[in-house]
Amino acid sequence: MKKCPNCGALMEEDVNFCTKCGQDLATIATEVKQEASNQTQVVQKESIDSQFKRYWQWCTESWKHPATSTVETEQWYGYLTLIIEDVLLVLGLYYFAKSILIDAMGIADHMGVNTGNLSGVDIPFNVVLTALISIIVFQVIVIGSHYLAYKFIYDRQPKLLNFVNRGVHASNFNLLFVTLFFLLMLLGLNSIRFATILLVLIVALFFMGQQVILLADKDAKRDRIYGFLIAFGIIFVCIMVLNSIIYNSVLHTVINEAFSTIH
C-alpha cells in the first residue's frame, strides 16, 4: 500500500492516481524511489571511502608499530596487501628482466654479434604468469607452514584470516619496498646487485612477519624451537619440489620462445 500525500488515502501499489482526490501518485512514487536510490548511492560511497581510510590507517599503523595492531581491521586487509605486493613485484621483475635483455642485446651488437633476429624478443606472458603463480604459492607455503607450527606450539587454532592479517601487518614495510622496487625497475634501473639486495630484503621481511606471529605470543604449550623447525621443514621440502618443477618449466619456455623467434 502507498499513501496519498494530498488526502492521506491508502492506495494499492500499482494505482497511479488517487481515487479520492485525483493526485498523481506515479510521479510521487518515482520521486521517492529516486531519492531512496540517491541516498543508497551516497551511503555506498561513504562506505567505500570509510573502508579506504581505515585500510590506510591500518597500513600507517603497521609502519609505526609493526608487531602490534590496535586499528579495527577487516578480514580482507591482509589479502589485499598481499595481492598488491604480488602484482607490483611481478611487474617489477618483468621490467627488470626486459631491461637486462635489452642491455644484453646492446652489448652483443657492440661486440659485432648480429642480433637482428632477436629484436622482437620479449618476456613471454607464460613466464610472467608463472612468476605470479610461483610467488602466490610461495606465500601460501610460508603462511600455511607457520599456521600449522602455531597450532603445534600453542595448541589452539586461530582464525586463518586473522592470522594472515597479523603476519602481513608485522611485515607491511614490504608494501613500501615492493612499490620502490617496481618504480625503480619501471624507470630502467637494471643493477642486478641492487635488485637482488632489495628482493632478499623483501623475502626476509616477509619471513620476519611470520616469525613475529609464531614466536611472540604467550602461553606456549610446546617448545617454540620445535614449532620453528616444523615450519622450516615444511617450507624446505615444498620449495625443493617446486624449484625443480618451476625452474624446468620456465627454462624450457624461455628457450622455446627464443628459438621460435630466431627461426
# chains A, B, ... in the order shown; residues from 1 in each chain; ligands from 1
>>> closest_atom_pairs(of="stretch 52-78 of chain A", to="stretch 201-218 of chain A", cutoff="12 Å", atoms="only C-alpha atoms", output="CSV")
residue,atom,partner,partner_atom,distance
A:Ser62,CA,A:Gly209,CA,11.0
A:Pro66,CA,A:Gly209,CA,8.5
A:Ala67,CA,A:Val212,CA,7.0
A:Thr68,CA,A:Val212,CA,10.0
A:Ser69,CA,A:Ile213,CA,11.9
A:Gly78,CA,A:Gly209,CA,11.9
>>> residues_around(residues="A:Gln23", least_positions_apart="6", cutoff="9 Å", atoms="only C-alpha atoms", output="list in words")
Cys4, Pro5, Asn6, Cys7, Asn16 and Phe17 of chain A
>>> write_last_selection(atoms="N, CA, C and O atoms", output="CSV table (one decimal), in the first residue's frame")
chain,number,residue,atom,x,y,z
A,4,CYS,N,-1.6,8.5,-0.2
A,4,CYS,CA,-1.7,9.7,-1.0
A,4,CYS,C,-1.2,10.9,-0.1
A,4,CYS,O,-1.7,11.1,1.0
A,5,PRO,N,-0.2,11.7,-0.6
A,5,PRO,CA,0.3,12.8,0.2
A,5,PRO,C,-0.7,14.0,0.3
A,5,PRO,O,-0.5,14.9,1.1
A,6,ASN,N,-1.8,14.0,-0.5
A,6,ASN,CA,-2.7,15.1,-0.6
A,6,ASN,C,-3.8,14.9,0.4
A,6,ASN,O,-4.1,15.8,1.3
A,7,CYS,N,-4.5,13.7,0.4
A,7,CYS,CA,-5.6,13.4,1.2
A,7,CYS,C,-5.4,12.4,2.3
A,7,CYS,O,-6.2,12.1,3.2
A,16,ASN,N,-2.0,4.6,-10.1
A,16,ASN,CA,-1.2,5.8,-10.5
A,16,ASN,C,-1.9,7.1,-10.0
A,16,ASN,O,-1.2,8.2,-10.0
A,17,PHE,N,-3.2,7.1,-9.8
A,17,PHE,CA,-3.9,8.3,-9.4
A,17,PHE,C,-4.8,8.0,-8.2
A,17,PHE,O,-5.4,6.9,-8.1
>>> residues_around(residues="A:Cys18", least_positions_apart="4", cutoff="12 Å", atoms="only C-alpha atoms", output="list in words")
Lys2, Lys3, Cys4, Pro5, Asn6, Cys7, Gly8, Ala9, Leu10, Met11, Glu12, Glu13, Asp14, Gly22, Gln23, Asp24, Leu25, Ala26, Thr27 and Ile28 of chain A
>>> write_last_selection(atoms="N, CA and C atoms", output="compact mmCIF listing (two decimals), in the first residue's frame")
# COMPACT_ATOMS: atom_id res chain seq x y z
N LYS A 2 0.34 2.31 -0.66
CA LYS A 2 1.01 3.60 -0.59
C LYS A 2 0.00 4.67 -0.22
N LYS A 3 0.48 5.71 0.43
CA LYS A 3 -0.39 6.74 0.99
C LYS A 3 -0.38 7.98 0.12
N CYS A 4 -1.57 8.49 -0.16
CA CYS A 4 -1.67 9.72 -0.96
C CYS A 4 -1.18 10.89 -0.12
N PRO A 5 -0.22 11.68 -0.62
CA PRO A 5 0.29 12.81 0.16
C PRO A 5 -0.69 13.97 0.27
N ASN A 6 -1.77 13.97 -0.55
CA ASN A 6 -2.71 15.09 -0.56
C ASN A 6 -3.84 14.89 0.44
N CYS A 7 -4.46 13.68 0.36
CA CYS A 7 -5.62 13.45 1.22
C CYS A 7 -5.37 12.36 2.26
N GLY A 8 -4.29 11.63 2.12
CA GLY A 8 -3.96 10.61 3.09
C GLY A 8 -4.59 9.26 2.85
N ALA A 9 -5.28 9.11 1.73
CA ALA A 9 -5.95 7.84 1.44
C ALA A 9 -4.91 6.78 1.08
N LEU A 10 -5.21 5.53 1.43
CA LEU A 10 -4.32 4.42 1.13
C LEU A 10 -4.73 3.79 -0.19
N MET A 11 -3.74 3.58 -1.04
CA MET A 11 -3.98 3.02 -2.37
C MET A 11 -3.09 1.80 -2.59
N GLU A 12 -3.49 0.98 -3.54
CA GLU A 12 -2.65 -0.14 -3.94
C GLU A 12 -1.37 0.38 -4.61
N GLU A 13 -0.33 -0.44 -4.61
CA GLU A 13 0.98 -0.02 -5.13
C GLU A 13 0.93 0.32 -6.60
N ASP A 14 0.06 -0.35 -7.37
CA ASP A 14 0.03 -0.14 -8.81
C ASP A 14 -0.94 0.96 -9.24
N GLY A 22 -7.62 12.48 -6.87
CA GLY A 22 -7.02 12.55 -8.21
C GLY A 22 -5.54 12.90 -8.22
N GLN A 23 -4.89 12.89 -7.09
CA GLN A 23 -3.45 13.20 -7.01
C GLN A 23 -2.64 12.20 -7.83
N ASP A 24 -1.66 12.73 -8.58
CA ASP A 24 -0.78 11.86 -9.38
C ASP A 24 0.18 11.14 -8.44
N LEU A 25 -0.04 9.84 -8.30
CA LEU A 25 0.78 9.05 -7.39
C LEU A 25 1.99 8.43 -8.07
N ALA A 26 1.92 8.29 -9.38
CA ALA A 26 3.03 7.66 -10.11
C ALA A 26 4.27 8.54 -10.03
N THR A 27 4.10 9.84 -10.23
CA THR A 27 5.24 10.78 -10.17
C THR A 27 5.83 10.83 -8.78
N ILE A 28 4.98 10.83 -7.78
CA ILE A 28 5.45 10.90 -6.40
C ILE A 28 6.23 9.63 -6.05
>>> residues_around(residues="A:Asn165", least_positions_apart="4", cutoff="12 Å", atoms="only C-alpha atoms", output="MDAnalysis selection string")
chainID A and resid 55 58:59 62 66:69 71:82 143 158:161 169:172 209:210 213
>>> atom_distance(atom1="atom CA of A:Phe152", atom2="atom CA of A:Ile135")
25.8 Å
>>> select_by_dssp(residues="stretch 5-247 of chain A", states="alpha helix (DSSP H)", output="PyMOL selection string")
chain A and resi 25-64+76-110+125-154+160-170+173-186+192-215+224-247
>>> atom_distance(atom1="atom CA of A:Ile239", atom2="atom CA of A:Val200")
15.9 Å
>>> atom_distance(atom1="atom CA of A:Leu186", atom2="atom CA of A:Ala97")
10.8 Å
>>> closest_residue(among="A:Ala231, A:Leu180, A:Asp122, A:Phe163", to="A:Leu101", atoms="only C-alpha atoms")
A:Asp122
